[in-house]
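Asks: Input file: model12.cif. Contents: mmCIF, C-alpha atoms and all ligand atoms.
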data_target
loop_
_atom_site.label_atom_id
_atom_site.label_comp_id
_atom_site.auth_asym_id
_atom_site.auth_seq_id
_atom_site.Cartn_x
_atom_site.Cartn_y
_atom_site.Cartn_z
CA MET A 1 106.51 99.97 124.89
CA ASN A 2 103.70 98.34 122.95
CA ALA A 3 104.40 95.30 120.84
CA ILE A 4 101.27 95.72 118.72
CA ALA A 5 102.28 96.81 115.22
CA LEU A 6 100.93 100.07 113.88
CA ARG A 7 98.13 99.54 111.39
CA HIS A 8 98.15 101.18 107.97
CA ASP A 9 94.97 99.57 106.70
CA TRP A 10 92.24 101.46 108.52
CA THR A 11 89.07 101.55 106.48
CA ARG A 12 86.73 104.52 106.43
CA ASP A 13 83.96 102.37 107.84
CA GLU A 14 86.11 101.40 110.79
CA VAL A 15 87.06 105.02 111.44
CA ALA A 16 83.42 106.14 111.03
CA ALA A 17 82.37 103.48 113.55
CA LEU A 18 85.02 104.70 115.99
CA MET A 19 83.89 108.31 115.67
CA ALA A 20 80.27 107.28 116.23
CA LEU A 21 80.97 105.45 119.51
CA PRO A 22 79.32 106.75 122.66
CA LEU A 23 81.67 109.47 123.91
CA PRO A 24 82.70 107.62 127.11
CA GLU A 25 83.70 104.55 125.06
CA LEU A 26 85.58 106.64 122.51
CA LEU A 27 87.44 108.61 125.19
CA PHE A 28 88.34 105.46 127.12
CA ARG A 29 89.83 103.86 124.01
CA ALA A 30 91.70 107.02 123.10
CA GLN A 31 93.05 107.47 126.66
CA THR A 32 94.18 103.86 126.86
CA ILE A 33 96.20 104.20 123.66
CA HIS A 34 97.42 107.68 124.54
CA ARG A 35 98.81 106.50 127.89
CA ALA A 36 100.56 103.51 126.30
CA HIS A 37 102.55 105.79 123.99
CA HIS A 38 102.75 109.27 125.50
CA ASP A 39 103.14 111.10 128.79
CA PRO A 40 99.49 112.05 129.44
CA LEU A 41 100.47 115.27 131.24
CA ASN A 42 102.73 116.63 128.53
CA ILE A 43 101.77 119.19 125.89
CA GLU A 44 104.19 120.10 123.11
CA ILE A 45 104.39 123.81 122.39
CA ALA A 46 104.96 125.05 118.83
CA THR A 47 105.01 128.67 117.70
CA LEU A 48 103.96 129.77 114.23
CA LEU A 49 105.30 132.67 112.21
CA SER A 50 103.96 133.82 108.87
CA ILE A 51 107.17 134.51 106.97
CA LYS A 52 105.28 135.44 103.78
CA THR A 53 101.72 136.60 104.16
CA GLY A 54 98.79 136.89 101.74
CA GLY A 55 98.45 137.18 97.98
CA CYS A 56 98.36 133.39 97.52
CA PRO A 57 97.36 132.15 94.04
CA GLU A 58 95.46 129.14 95.45
CA ASP A 59 91.74 129.36 96.22
CA CYS A 60 91.37 127.31 99.43
CA ALA A 61 87.87 128.31 100.59
CA TYR A 62 88.89 128.51 104.25
CA CYS A 63 91.96 130.68 103.85
CA PRO A 64 92.25 134.40 104.55
CA GLN A 65 95.51 134.51 102.55
CA SER A 66 94.08 133.57 99.16
CA ALA A 67 94.28 136.41 96.61
CA ALA A 68 90.89 135.21 95.35
CA PHE A 69 89.04 136.62 98.40
CA ASP A 70 88.79 140.09 99.85
CA THR A 71 89.67 139.47 103.49
CA GLY A 72 91.73 142.57 104.28
CA VAL A 73 94.96 140.51 104.56
CA ALA A 74 97.55 142.48 102.60
CA ALA A 75 100.05 140.63 100.41
CA GLY A 76 103.53 140.99 101.87
CA LYS A 77 107.07 140.03 100.86
CA LEU A 78 109.19 137.30 102.39
CA MET A 79 110.40 138.45 105.82
CA PRO A 80 114.11 139.22 106.20
CA LEU A 81 116.25 136.67 108.01
CA ASP A 82 117.03 138.84 111.04
CA ALA A 83 113.32 139.51 111.72
CA VAL A 84 112.59 135.77 111.55
CA LEU A 85 115.41 135.04 113.99
CA ASP A 86 114.15 137.75 116.37
CA ALA A 87 110.73 136.08 116.37
CA ALA A 88 112.34 132.67 116.94
CA ARG A 89 114.30 134.01 119.92
CA ALA A 90 111.09 135.43 121.39
CA ALA A 91 109.32 132.09 120.87
CA ARG A 92 112.14 130.26 122.59
CA ALA A 93 112.08 132.72 125.50
CA SER A 94 108.36 132.12 125.99
CA GLY A 95 108.88 128.35 126.14
CA ALA A 96 108.27 127.04 122.61
CA SER A 97 110.27 123.99 121.52
CA ARG A 98 109.31 124.09 117.82
CA PHE A 99 109.25 127.02 115.43
CA CYS A 100 107.05 126.69 112.36
CA MET A 101 107.47 129.07 109.42
CA GLY A 102 104.48 129.42 107.08
CA ALA A 103 104.40 130.99 103.63
CA ALA A 104 101.37 131.76 101.47
CA TRP A 105 102.84 130.15 98.37
CA ARG A 106 101.42 127.61 95.94
CA SER A 107 105.01 126.39 95.65
CA PRO A 108 108.32 128.11 96.42
CA LYS A 109 110.74 129.36 93.75
CA GLU A 110 114.40 128.38 93.92
CA ARG A 111 115.41 131.73 95.44
CA ASP A 112 112.69 131.28 98.07
CA ILE A 113 114.23 127.94 99.01
CA ASP A 114 117.64 129.64 99.36
CA ALA A 115 116.13 132.15 101.79
CA VAL A 116 114.14 129.57 103.78
CA CYS A 117 117.21 127.30 104.08
CA ALA A 118 119.06 130.21 105.72
CA MET A 119 116.13 130.67 108.12
CA VAL A 120 116.10 126.96 108.96
CA GLU A 121 119.82 127.02 109.70
CA GLY A 122 119.45 130.11 111.89
CA VAL A 123 116.45 128.83 113.84
CA ARG A 124 118.11 125.48 114.40
CA ALA A 125 121.23 127.20 115.72
CA LEU A 126 119.00 128.70 118.44
CA GLY A 127 118.21 125.18 119.65
CA LEU A 128 114.64 125.06 118.34
CA GLU A 129 113.09 122.31 116.24
CA THR A 130 112.29 123.63 112.79
CA CYS A 131 109.13 123.25 110.74
CA ALA A 132 108.10 124.90 107.48
CA THR A 133 104.92 124.99 105.41
CA LEU A 134 105.58 126.46 101.98
CA GLY A 135 103.12 124.71 99.65
CA MET A 136 104.03 122.08 97.05
CA LEU A 137 107.67 120.98 96.89
CA THR A 138 109.66 119.20 94.22
CA ARG A 139 111.84 116.30 95.26
CA PRO A 140 115.09 118.33 95.04
CA GLN A 141 113.54 121.22 97.01
CA ALA A 142 112.58 118.84 99.83
CA GLN A 143 116.14 117.49 99.83
CA ARG A 144 117.62 120.99 100.02
CA LEU A 145 115.43 121.82 103.02
CA ARG A 146 116.48 118.59 104.69
CA ASP A 147 120.13 119.35 104.03
CA ALA A 148 119.64 122.74 105.71
CA GLY A 149 118.38 120.91 108.81
CA LEU A 150 114.59 121.12 108.45
CA ASP A 151 113.03 118.76 111.01
CA TYR A 152 109.32 118.87 109.98
CA TYR A 153 107.28 119.87 106.93
CA ASN A 154 103.60 120.73 107.33
CA HIS A 155 101.39 119.90 104.37
CA ASN A 156 97.78 119.13 105.22
CA LEU A 157 95.34 116.91 103.36
CA ASP A 158 92.65 119.01 105.04
CA THR A 159 89.65 116.79 104.23
CA SER A 160 88.59 113.62 102.41
CA PRO A 161 89.63 113.03 98.79
CA GLU A 162 85.96 113.24 97.71
CA PHE A 163 85.27 116.61 99.33
CA TYR A 164 88.60 118.24 98.42
CA GLY A 165 87.38 119.62 95.08
CA ASP A 166 84.51 121.44 96.83
CA ILE A 167 87.06 123.39 98.89
CA ILE A 168 90.01 123.93 96.53
CA SER A 169 89.97 124.08 92.72
CA THR A 170 93.56 125.13 92.05
CA ARG A 171 95.26 121.85 93.02
CA THR A 172 94.35 118.21 93.56
CA TYR A 173 94.58 115.70 96.37
CA ALA A 174 97.13 113.83 94.25
CA ASP A 175 99.33 116.98 94.20
CA ARG A 176 99.21 117.01 97.99
CA LEU A 177 100.12 113.32 98.27
CA GLU A 178 103.01 113.81 95.87
CA THR A 179 104.59 116.54 98.01
CA LEU A 180 104.08 114.41 101.11
CA ALA A 181 106.00 111.59 99.41
CA HIS A 182 108.84 113.97 98.48
CA VAL A 183 109.05 115.19 102.07
CA ARG A 184 109.02 111.67 103.50
CA ASP A 185 111.62 110.42 101.00
CA ALA A 186 113.92 113.36 101.84
CA GLY A 187 113.93 112.21 105.48
CA ILE A 188 111.93 115.15 106.85
CA ALA A 189 109.32 114.31 109.49
CA VAL A 190 105.79 114.80 108.18
CA CYS A 191 103.20 117.09 109.79
CA CYS A 192 99.87 116.44 108.08
CA GLY A 193 96.30 116.84 109.23
CA GLY A 194 93.14 118.68 108.39
CA ILE A 195 90.29 121.02 109.21
CA VAL A 196 86.95 120.34 110.87
CA GLY A 197 84.08 122.70 109.99
CA LEU A 198 84.36 123.07 106.21
CA GLY A 199 80.85 121.69 105.72
CA GLU A 200 82.21 118.14 105.44
CA SER A 201 80.13 115.10 106.39
CA ASP A 202 80.96 112.57 109.08
CA ALA A 203 82.04 110.28 106.23
CA ASP A 204 84.47 112.96 105.01
CA ARG A 205 85.98 113.25 108.48
CA ALA A 206 86.41 109.47 108.57
CA GLY A 207 87.86 109.63 105.04
CA LEU A 208 90.48 112.16 106.13
CA ILE A 209 91.56 110.15 109.18
CA ALA A 210 91.57 106.86 107.24
CA THR A 211 93.70 108.46 104.52
CA LEU A 212 96.22 109.83 107.05
CA ALA A 213 96.35 106.50 108.90
CA SER A 214 96.87 104.62 105.62
CA LEU A 215 99.89 106.63 104.48
CA PRO A 216 103.00 104.43 104.13
CA ALA A 217 104.16 105.90 107.48
CA HIS A 218 101.89 107.77 109.87
CA PRO A 219 102.65 111.50 109.97
CA GLU A 220 104.81 112.27 113.01
CA SER A 221 102.49 115.24 113.72
CA VAL A 222 98.79 115.42 112.98
CA PRO A 223 97.34 118.93 113.28
CA VAL A 224 93.58 119.01 113.76
CA ASN A 225 92.29 122.51 113.01
CA ALA A 226 88.82 123.85 113.73
CA LEU A 227 87.88 126.25 110.96
CA VAL A 228 88.59 129.87 111.87
CA ARG A 229 85.81 131.64 109.99
CA VAL A 230 87.24 134.71 108.32
CA ALA A 231 85.05 137.42 106.77
CA GLY A 232 85.48 137.55 102.99
CA THR A 233 86.22 133.82 102.59
CA PRO A 234 83.52 131.58 101.12
CA LEU A 235 83.29 129.79 104.48
CA ALA A 236 82.81 132.94 106.56
CA GLU A 237 79.24 131.94 107.45
CA ALA A 238 79.82 128.20 107.92
CA PRO A 239 78.13 126.85 111.06
CA PRO A 240 80.54 126.90 114.01
CA VAL A 241 82.28 123.64 114.87
CA ASP A 242 80.76 121.68 117.75
CA PRO A 243 83.74 121.17 120.10
CA LEU A 244 82.56 117.60 120.74
CA ASP A 245 82.94 116.89 117.01
CA LEU A 246 86.54 118.08 117.27
CA VAL A 247 86.99 115.77 120.27
CA ARG A 248 85.74 112.83 118.20
CA VAL A 249 88.10 113.57 115.30
CA ILE A 250 91.05 113.95 117.69
CA ALA A 251 90.17 110.66 119.41
CA ALA A 252 89.98 108.88 116.04
CA ALA A 253 93.39 110.31 115.10
CA ARG A 254 94.84 109.16 118.44
CA ILE A 255 93.43 105.62 118.15
CA THR A 256 94.45 105.09 114.52
CA MET A 257 97.87 106.80 114.76
CA PRO A 258 98.99 105.85 118.29
CA LYS A 259 102.52 107.23 118.17
CA SER A 260 101.82 110.48 116.34
CA VAL A 261 101.70 113.80 118.12
CA VAL A 262 98.18 115.15 117.62
CA ARG A 263 98.02 118.93 117.64
CA LEU A 264 94.93 120.84 118.71
CA SER A 265 95.69 123.55 116.16
CA ALA A 266 93.61 126.47 114.85
CA GLY A 267 90.34 127.34 116.55
CA ARG A 268 91.36 127.41 120.22
CA GLU A 269 90.72 131.14 120.53
CA THR A 270 86.96 130.54 120.67
CA MET A 271 87.10 127.31 122.70
CA THR A 272 86.52 127.10 126.43
CA ASP A 273 89.14 125.63 128.76
CA GLU A 274 86.75 122.73 129.34
CA ALA A 275 86.47 121.91 125.63
CA GLN A 276 90.26 122.05 125.25
CA ALA A 277 90.61 119.77 128.28
CA LEU A 278 88.38 117.21 126.55
CA CYS A 279 90.57 117.45 123.43
CA PHE A 280 93.63 116.67 125.58
CA LEU A 281 91.78 113.74 127.17
CA ALA A 282 90.99 112.52 123.65
CA GLY A 283 94.71 112.40 122.88
CA ALA A 284 95.76 115.84 121.69
CA ASN A 285 99.26 116.54 123.01
CA SER A 286 100.43 119.62 121.19
CA ILE A 287 99.23 123.20 120.69
CA PHE A 288 100.25 126.34 118.85
CA TYR A 289 101.42 128.86 121.37
CA GLY A 290 101.50 132.65 121.02
CA GLU A 291 98.91 135.29 120.19
CA ARG A 292 98.85 134.67 116.44
CA LEU A 293 98.51 131.65 114.24
CA LEU A 294 99.44 132.90 110.75
CA THR A 295 97.01 135.78 110.31
CA THR A 296 94.31 135.03 112.92
CA ALA A 297 94.19 135.20 116.70
CA ASN A 298 95.29 132.43 119.07
CA PRO A 299 95.02 132.44 122.87
CA GLY A 300 97.88 134.44 124.42
CA ALA A 301 100.73 132.66 126.21
CA ASP A 302 99.35 133.79 129.60
CA ARG A 303 96.00 132.18 128.96
CA ASP A 304 97.70 128.95 127.87
CA ARG A 305 99.98 128.91 130.89
CA ALA A 306 96.91 129.33 133.08
CA LEU A 307 95.09 126.58 131.18
CA LEU A 308 97.91 124.08 131.63
CA ALA A 309 98.24 125.02 135.33
CA ARG A 310 94.48 124.64 135.79
CA LEU A 311 94.65 121.13 134.30
CA GLY A 312 97.83 120.12 136.17
CA MET A 313 99.54 119.61 132.81
CA ARG A 314 102.86 120.93 131.58
CA ALA A 315 104.64 122.10 128.45
CA GLY A 316 107.45 119.92 127.16
CA GLN A 317 108.94 118.35 124.09
CA SER A 318 107.17 115.20 122.91
N1 LIG B 1 100.29 127.59 101.69
C1 LIG B 1 100.71 126.42 102.35
C2 LIG B 1 99.69 125.31 102.26
O1 LIG B 1 98.53 125.53 102.00
O2 LIG B 1 100.10 124.18 102.51
C3 LIG B 1 101.06 126.64 103.80
C4 LIG B 1 100.20 127.53 104.67
S1 LIG B 1 98.50 127.08 104.87
C5 LIG B 1 97.88 128.52 105.65
C6 LIG B 1 98.56 125.79 106.10
C7 LIG B 1 97.28 125.23 106.62
O3 LIG B 1 96.60 126.19 107.42
C8 LIG B 1 96.22 124.79 105.64
O4 LIG B 1 96.48 123.54 105.07
C9 LIG B 1 95.00 124.70 106.54
O5 LIG B 1 94.92 123.41 107.14
C10 LIG B 1 95.29 125.73 107.62
N2 LIG B 1 94.34 126.85 107.58
C11 LIG B 1 94.37 127.89 106.74
N3 LIG B 1 93.35 128.73 106.99
C12 LIG B 1 92.64 128.20 108.01
C13 LIG B 1 91.48 128.59 108.72
N4 LIG B 1 90.81 129.71 108.40
N5 LIG B 1 91.04 127.82 109.73
C14 LIG B 1 91.72 126.69 110.06
N6 LIG B 1 92.82 126.27 109.42
C15 LIG B 1 93.29 127.00 108.40
C1 LIG B 2 98.13 123.88 110.56
O1 LIG B 2 97.62 122.76 110.43
N1 LIG B 2 97.54 124.92 111.14
C2 LIG B 2 98.39 126.08 111.08
C3 LIG B 2 99.70 125.51 110.50
N2 LIG B 2 99.34 124.19 110.16
C4 LIG B 2 100.44 126.20 109.47
C5 LIG B 2 97.82 127.23 110.36
C6 LIG B 2 96.48 127.69 110.87
C7 LIG B 2 96.11 128.94 110.14
C8 LIG B 2 94.83 129.53 110.62
C9 LIG B 2 94.45 130.72 109.84
C10 LIG B 2 95.41 131.87 109.92
O2 LIG B 2 95.86 132.24 111.02
O3 LIG B 2 95.70 132.47 108.86
FE1 LIG B 3 97.50 129.60 99.90
FE2 LIG B 3 97.98 127.79 101.80
FE3 LIG B 3 96.05 129.63 102.11
FE4 LIG B 3 95.68 127.69 100.36
S1 LIG B 3 95.91 127.43 102.58
S2 LIG B 3 95.27 129.88 100.00
S3 LIG B 3 97.77 127.39 99.59
S4 LIG B 3 98.23 130.01 101.99
#
Please express what this file holds, its structure, as structure tokens.
Replies:
Amino acid sequence: MNAIALRHDWTRDEVAALMALPLPELLFRAQTIHRAHHDPLNIEIATLLSIKTGGCPEDCAYCPQSAAFDTGVAAGKLMPLDAVLDAARAARASGASRFCMGAAWRSPKERDIDAVCAMVEGVRALGLETCATLGMLTRPQAQRLRDAGLDYYNHNLDTSPEFYGDIISTRTYADRLETLAHVRDAGIAVCCGGIVGLGESDADRAGLIATLASLPAHPESVPVNALVRVAGTPLAEAPPVDPLDLVRVIAAARITMPKSVVRLSAGRETMTDEAQALCFLAGANSIFYGERLLTTANPGADRDRALLARLGMRAGQS
């Protein structure tokens, strides 16, 4: 459709300059690129299920599932296969095209991979695209998931390399990049994005987008989350995200990664329809659908159906 080659050499300064453009200029550039590569009326619908909740040994400052914080999220066991497939059937019935299974692990054990492979096979047999987010993977684990039919793996970089250590002490940015390489090399599509609202600077936001856009291949999906502030986490009292900041980050993701699906992810529960509409105009073309993300609230399917109808947009596979 567009003969211009994708760029993998975006500098932070270029991304920072994009994000600082007057909003009408930024939105025009984002819309132009969006329309060259995507159906501007289409929103991809993905449903999340927490297959293993809480008790996580990592200390990500934003996360209600870390065992390091007292957030009231109880540590559970891995869900049984039949319960996962029931949830997948319900997601399919409500119109989702992708089913994403999340586990609060630092990294899965071999027996966990056995169980998740069975879930992937079962969900795929229902005709849904499969996605999993299980923490760090070894190369052979990524290959096993691929062999079971896993379509996407979510593993976020979350913020800039410089700010990462302020948010997480139990792993490094290099660990994250290593898993992303294992996923890519196994032939699984990559879902990788970040969070706005961690107390990061504009330069950190540009650093995140420049890092994503400089990966050897752009992630097929780029989730942009607004921090959901959860009581008990170190970021519970962080200032709320300005929706227009989210719009700017989404537009920068759209411009630098033209073909990627950009997902307006966590944080929609507290956003107005109008703010979400601006995110779609900035190039977001996917949402999480269903009342829950992993442990926190998401707009219900009825509200999202009404939102799409109000905007004259529709749900569909990207
Ligand atoms: N444990 C795995 C990991 O960290 O990769 C998978 C699950 S983890 C919950 C997936 C992603 O959820 C994180 O990378 C982060 O981007 C997002 N997330 C977690 N808590 C959040 C919050 N309170 N607000 C917004 N996004 C959040
Ligand atoms: C992503 O980028 N956002 C999703 C998904 N990937 C796994 C998770 C959001 C979690 C929000 C906090 C919660 O519900 O626990
Ligand atoms: Fe664990 Fe993932 Fe939460 Fe970090 S974001 S504490 S790794 S579940």
Asks: Give the residues close to ligand LIG 1 (chain B), within 6 Å, counting only C-alpha atoms and all ligand atoms; write them as JSON, numbers by chain.
Replies: {"A": [62, 63, 102, 103, 104, 105, 106, 133, 134, 135, 155, 156, 158, 194, 195, 225, 226, 227, 228, 229, 266]}
Asks: Output the neighbourhood of ligand LIG 3 (chain B) as a PDB file with C-alpha atoms, in the coordinates of the input, that is, all protein and nucleic acid residues with some atom at most 12 Å from the ligand, counting all atoms listed in the file.
Replies:
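Now in part_35.pdb:
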ATOM      1  CA  SER A  50     103.960 133.820 108.870  1.00  0.00           C
ATOM      2  CA  ILE A  51     107.170 134.510 106.970  1.00  0.00           C
ATOM      3  CA  LYS A  52     105.280 135.440 103.780  1.00  0.00           C
ATOM      4  CA  THR A  53     101.720 136.600 104.160  1.00  0.00           C
ATOM      5  CA  GLY A  54      98.790 136.890 101.740  1.00  0.00           C
ATOM      6  CA  GLY A  55      98.450 137.180  97.980  1.00  0.00           C
ATOM      7  CA  CYS A  56      98.360 133.390  97.520  1.00  0.00           C
ATOM      8  CA  PRO A  57      97.360 132.150  94.040  1.00  0.00           C
ATOM      9  CA  GLU A  58      95.460 129.140  95.450  1.00  0.00           C
ATOM     10  CA  ASP A  59      91.740 129.360  96.220  1.00  0.00           C
ATOM     11  CA  CYS A  60      91.370 127.310  99.430  1.00  0.00           C
ATOM     12  CA  ALA A  61      87.870 128.310 100.590  1.00  0.00           C
ATOM     13  CA  TYR A  62      88.890 128.510 104.250  1.00  0.00           C
ATOM     14  CA  CYS A  63      91.960 130.680 103.850  1.00  0.00           C
ATOM     15  CA  PRO A  64      92.250 134.400 104.550  1.00  0.00           C
ATOM     16  CA  GLN A  65      95.510 134.510 102.550  1.00  0.00           C
ATOM     17  CA  SER A  66      94.080 133.570  99.160  1.00  0.00           C
ATOM     18  CA  ALA A  67      94.280 136.410  96.610  1.00  0.00           C
ATOM     19  CA  ALA A  68      90.890 135.210  95.350  1.00  0.00           C
ATOM     20  CA  PHE A  69      89.040 136.620  98.400  1.00  0.00           C
ATOM     21  CA  THR A  71      89.670 139.470 103.490  1.00  0.00           C
ATOM     22  CA  VAL A  73      94.960 140.510 104.560  1.00  0.00           C
ATOM     23  CA  ALA A  75     100.050 140.630 100.410  1.00  0.00           C
ATOM     24  CA  MET A 101     107.470 129.070 109.420  1.00  0.00           C
ATOM     25  CA  GLY A 102     104.480 129.420 107.080  1.00  0.00           C
ATOM     26  CA  ALA A 103     104.400 130.990 103.630  1.00  0.00           C
ATOM     27  CA  ALA A 104     101.370 131.760 101.470  1.00  0.00           C
ATOM     28  CA  TRP A 105     102.840 130.150  98.370  1.00  0.00           C
ATOM     29  CA  ARG A 106     101.420 127.610  95.940  1.00  0.00           C
ATOM     30  CA  SER A 107     105.010 126.390  95.650  1.00  0.00           C
ATOM     31  CA  PRO A 108     108.320 128.110  96.420  1.00  0.00           C
ATOM     32  CA  ALA A 132     108.100 124.900 107.480  1.00  0.00           C
ATOM     33  CA  THR A 133     104.920 124.990 105.410  1.00  0.00           C
ATOM     34  CA  LEU A 134     105.580 126.460 101.980  1.00  0.00           C
ATOM     35  CA  GLY A 135     103.120 124.710  99.650  1.00  0.00           C
ATOM     36  CA  MET A 136     104.030 122.080  97.050  1.00  0.00           C
ATOM     37  CA  ASN A 154     103.600 120.730 107.330  1.00  0.00           C
ATOM     38  CA  HIS A 155     101.390 119.900 104.370  1.00  0.00           C
ATOM     39  CA  ASN A 156      97.780 119.130 105.220  1.00  0.00           C
ATOM     40  CA  LEU A 157      95.340 116.910 103.360  1.00  0.00           C
ATOM     41  CA  ASP A 158      92.650 119.010 105.040  1.00  0.00           C
ATOM     42  CA  TYR A 164      88.600 118.240  98.420  1.00  0.00           C
ATOM     43  CA  ILE A 167      87.060 123.390  98.890  1.00  0.00           C
ATOM     44  CA  ILE A 168      90.010 123.930  96.530  1.00  0.00           C
ATOM     45  CA  SER A 169      89.970 124.080  92.720  1.00  0.00           C
ATOM     46  CA  THR A 170      93.560 125.130  92.050  1.00  0.00           C
ATOM     47  CA  ARG A 171      95.260 121.850  93.020  1.00  0.00           C
ATOM     48  CA  THR A 172      94.350 118.210  93.560  1.00  0.00           C
ATOM     49  CA  ASP A 175      99.330 116.980  94.200  1.00  0.00           C
ATOM     50  CA  ARG A 176      99.210 117.010  97.990  1.00  0.00           C
ATOM     51  CA  GLY A 194      93.140 118.680 108.390  1.00  0.00           C
ATOM     52  CA  ILE A 195      90.290 121.020 109.210  1.00  0.00           C
ATOM     53  CA  LEU A 227      87.880 126.250 110.960  1.00  0.00           C
ATOM     54  CA  VAL A 230      87.240 134.710 108.320  1.00  0.00           C
ATOM     55  CA  THR A 233      86.220 133.820 102.590  1.00  0.00           C
ATOM     56  CA  PRO A 234      83.520 131.580 101.120  1.00  0.00           C
ATOM     57  CA  LEU A 294      99.440 132.900 110.750  1.00  0.00           C
ATOM     58  CA  THR A 295      97.010 135.780 110.310  1.00  0.00           C
TER      59      THR A 295
END
Asks: Can you measure CA of Glu14 in chain A to CA of Ile209 in chain A for me? One decimal in Å is fine.
Replies: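 Distance between the two atoms: 10.4 Å.
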Asks: Report as number ranges by chain all protein, DNA and RNA residues lying within 10 Å of Phe163 in chain A, evaluated on all atoms listed in the file, omitting residues in the same chain fewer than 6 positions from it.
Replies: A: 173, 198-201, 203-205, 207-208
Asks: For the atom pair CA of Tyr153 in chain A and CA of Ile255 in chain A, what is the interatomic distance in Å to one decimal place?
Replies: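 These atoms are spaced 22.8 Å apart.
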Asks: Using only C-alpha atoms, which residues sit within 9 Å of range 138-147 of chain A once same-chain residues fewer than 2 positions away are excluded, as a VMD selection string?
Replies: chain A and resid 107 to 108 110 113 to 114 116 to 117 120 136 149 to 153 178 to 179 181 to 188
Asks: Let me make sure I understand: among A:Asp245, A:Asp82, A:Val222, A:Glu274, which one has the smallest atom-to-atom distance to ligand LIG 2 (chain B) if we use all atoms listed in the file?
Replies: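 Once distances to ligand LIG 2 (chain B) are computed over all atoms listed in the file, the minimum belongs to A:Val222.
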Asks: Check the smallest atom-to-atom distance from each of A:Phe28, A:Trp10, A:Phe288, A:Phe280 to ligand LIG 2 (chain B) using all atoms listed in the file, then report the winner.
Replies: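 When distances to ligand LIG 2 (chain B) are compared using all atoms listed in the file, the smallest one comes from A:Phe288.
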Asks: May I ask which of the residues A:Asp302, A:Ser160, A:Lys259, A:Ala217 is the closest one to Leu180 in chain A, counting all atoms listed in the file?
Replies: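 The answer is A:Ala217, which sits nearest to Leu180 in chain A.
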Asks: Report, in Å with one decimal, the straight-line distance from CA of Ser286 in chain A to CA of Ala46 in chain A.
Replies: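 Value for the CA of Ser286 in chain A-CA of Ala46 in chain A distance: 7.5 Å.
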Asks: Using all atoms listed in the file, pick whichever of A:Leu264, A:Cys279, A:Ala301, A:Met313 has the shortest atom-to-atom distance to ligand LIG 2 (chain B).
Replies: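 Answer, going by the shortest atom-to-atom distance: A:Leu264.
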Asks: Between A:Ser318, A:Thr130, A:Gln276, A:Thr47, which has the minimum distance to ligand LIG 2 (chain B) (counting all atoms listed in the file)?
Replies: A:Thr47
Asks: Name the closest residue to ligand LIG 2 (chain B) among the candidates A:Glu291, A:Asp166, A:Glu129, A:Asp304; distances are taken between atoms, counting all atoms listed in the file.
Replies: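 Of A:Glu291, A:Asp166, A:Glu129, A:Asp304, the one nearest ligand LIG 2 (chain B) is A:Glu291, counting all atoms listed in the file.
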Asks: Report as a list in words all protein, DNA and RNA residues lying within 10 Å of Met19 in chain A, evaluated on all atoms listed in the file, omitting residues in the same chain fewer than 6 positions from it.
Replies: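 Residues near the query, excluding close chain neighbours: Asp13, Leu26, Asp202, Ala203, Arg205, Ala206, Asp245, Val247, Arg248, Val249, Ile250, Ala251, Ala252 and Ala253 of chain A.
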Asks: Using the file's own x, y and z axes, what box holds all listed atoms of range 134-151 of chain A with 4 Å on each side, keeping edges along x, y and z, and what are its centre and edge lengths in Å to one decimal, as lines of an AutoDock Vina configuration file?
Replies:
center_x = 111.6
center_y = 121.4
center_z = 102.6
size_x = 25.0
size_y = 18.2
size_z = 24.8
Asks: How would range 90-99 of chain A read, as a CSV table (one decimal), in the frame of the given file, once N, CA and C atoms are built in?
Replies:
chain,number,residue,atom,x,y,z
A,90,ALA,N,112.2,135.1,120.5
A,90,ALA,CA,111.1,135.4,121.4
A,90,ALA,C,110.3,134.2,121.7
A,91,ALA,N,110.1,133.3,120.7
A,91,ALA,CA,109.3,132.1,120.9
A,91,ALA,C,110.0,131.2,121.8
A,92,ARG,N,111.4,131.1,121.7
A,92,ARG,CA,112.1,130.3,122.6
A,92,ARG,C,112.0,130.8,124.0
A,93,ALA,N,112.1,132.1,124.2
A,93,ALA,CA,112.1,132.7,125.5
A,93,ALA,C,110.7,132.5,126.2
A,94,SER,N,109.7,132.3,125.4
A,94,SER,CA,108.4,132.1,126.0
A,94,SER,C,108.1,130.6,126.2
A,95,GLY,N,109.0,129.8,125.8
A,95,GLY,CA,108.9,128.4,126.1
A,95,GLY,C,108.6,127.4,125.0
A,96,ALA,N,108.5,127.9,123.8
A,96,ALA,CA,108.3,127.0,122.6
A,96,ALA,C,109.5,126.1,122.4
A,97,SER,N,109.2,124.9,121.9
A,97,SER,CA,110.3,124.0,121.5
A,97,SER,C,110.4,123.8,120.0
A,98,ARG,N,109.3,124.2,119.3
A,98,ARG,CA,109.3,124.1,117.8
A,98,ARG,C,108.9,125.4,117.2
A,99,PHE,N,109.5,125.8,116.1
A,99,PHE,CA,109.2,127.0,115.4
A,99,PHE,C,108.8,126.7,114.0
